[in-house]
Amino acid sequence: MAVRWEGEESVQLPEASTAQKSGRLGPGVPDRQEHSGIPQRTEILATEEEVAQCLLDAKAQAHQRGVELQQLKAELQKAGEENTHLKASLLQLTTELEELKEVEAGLERQEREVDEDTTVTIPSAVYVAQLYHRVSKIEWDYECEPGMVKGIHHGPSIAQPIHLDSTQLSKKFISDYLWNLVDTDW
């Protein structure tokens with residue numbers, strides 16, 4: 001009988017032994033005592049089983065690695081999407097920051113202008129108001145209703161109240177009236 005294993009040449013087995021003929025061993029299984037130089041079938045089967053198990057383990061491991069690869073790809077895609085979202089948010093925040101810097105610069109300019117106005121205009125306005133008060137000797141009532149001109153003129157002889165309605169009188173009349181109160185004797 002000729003037996004051939006993968007990758008090996010055919011081996012010619014002797015005819016069935018007495019143990020095989022008597023039925024103690026199955027057909028095709030060599031008797032150990034009679035064929036001690038030929039690899040035993042059980043050893044070959046064990047080796048084949050071991051190789052098959054290694055192959056199955058390798059396939060399972062390859063499948064597991066494939067699943068892990070898919071998970072990593074999904075995580076990578078998710079991280080890429082999150083990265084894109086974060087970049088868009090960063091761009092938006094950067095734009096807002098630039099706009100706020102421009103607003104801040106504008107406010108600083110306005111603050112400098114107001115500071116200049118207050119250091120120049122207010123003292124001069126105070127000076128002019130004091131000059132008008134000294135010349136006219138009128139003490140204004142700043143808490144009167146809108147449209148009313150109220151105050152007290154401190155003339156040479158007596159104090160005279162001022163109560164004029166600017167909604168009924170012209171600006172020229174009010175100006176002339178107030179300048180007529182000013183004493184022309186210096």
# chains A, B, ... in the order shown; residues from 1 in each chain; ligands from 1
$ select_by_dssp --residues "stretch 29-161 of chain A" --states "strand (DSSP E)" --output "compact mmCIF listing (two decimals) with C-alpha atoms, in the first residue's frame"
# COMPACT_ATOMS: atom_id res chain seq x y z
CA ILE A 138 -27.84 135.13 37.09
CA GLU A 139 -28.13 131.99 39.22
CA TRP A 140 -29.73 129.34 37.05
CA MET A 148 -38.64 126.53 30.99
CA VAL A 149 -35.92 129.09 31.71
CA LYS A 150 -35.71 129.73 35.46
CA GLY A 151 -33.27 131.41 37.77
CA ILE A 152 -32.62 134.48 39.90
CA HIS A 153 -30.98 137.69 38.70
CA HIS A 154 -29.00 139.39 41.44
CA ALA A 159 -32.87 139.98 43.35
CA GLN A 160 -35.36 139.37 40.61
CA PRO A 161 -36.78 135.89 39.71
$ atom_distance --atom1 "atom CA of A:Val114" --atom2 "atom CA of A:Arg134"
28.4 Å
$ atom_distance --atom1 "atom CA of A:Thr84" --atom2 "atom CA of A:Leu72"
18.0 Å
$ atom_distance --atom1 "atom CA of A:Asp141" --atom2 "atom CA of A:Ala129"
13.8 Å
$ select_by_dssp --residues "stretch 76-150 of chain A" --states "helix (DSSP H, G or I)" --output "ChimeraX atom specification"
/A:76-136
$ residues_around --residues "A:Gly147" --least-positions-apart "2" --cutoff "10 Å" --atoms "only C-alpha atoms" --output "short mmCIF file (atom, residue, chain, number, x, y, z; two decimals) with N, CA, C and O atoms, in the first residue's frame"
data_model
loop_
_atom_site.label_atom_id
_atom_site.label_comp_id
_atom_site.auth_asym_id
_atom_site.auth_seq_id
_atom_site.Cartn_x
_atom_site.Cartn_y
_atom_site.Cartn_z
N CYS A 144 -35.35 122.78 36.67
CA CYS A 144 -36.69 123.14 36.19
C CYS A 144 -37.12 122.21 35.06
O CYS A 144 -36.31 121.47 34.50
N GLU A 145 -38.40 122.28 34.70
CA GLU A 145 -38.94 121.43 33.65
C GLU A 145 -38.31 121.79 32.30
O GLU A 145 -37.92 122.92 32.10
N VAL A 149 -37.16 128.40 31.36
CA VAL A 149 -35.92 129.09 31.71
C VAL A 149 -36.18 129.75 33.06
O VAL A 149 -37.00 130.66 33.17
N LYS A 150 -35.48 129.22 34.10
CA LYS A 150 -35.71 129.73 35.46
C LYS A 150 -34.39 130.08 36.11
O LYS A 150 -33.36 129.49 35.80
N LEU A 164 -39.38 132.08 32.42
CA LEU A 164 -39.76 132.26 31.03
C LEU A 164 -40.09 130.89 30.42
O LEU A 164 -39.43 129.90 30.69
N ASP A 165 -41.12 130.86 29.56
CA ASP A 165 -41.53 129.63 28.88
C ASP A 165 -40.99 129.68 27.45
O ASP A 165 -41.46 130.46 26.63
N SER A 166 -39.98 128.85 27.16
CA SER A 166 -39.35 128.89 25.83
C SER A 166 -40.22 128.31 24.74
O SER A 166 -39.92 128.49 23.56
N THR A 167 -41.29 127.63 25.11
CA THR A 167 -42.20 127.09 24.08
C THR A 167 -43.12 128.18 23.55
O THR A 167 -43.62 128.07 22.44
N GLN A 168 -43.34 129.25 24.34
CA GLN A 168 -44.22 130.33 23.90
C GLN A 168 -43.46 131.58 23.46
O GLN A 168 -44.01 132.43 22.77
#
$ closest_residue --among "A:Thr184, A:Ser175, A:Ser170, A:Gln61" --to "A:Gly155" --atoms "only C-alpha atoms"
A:Thr184
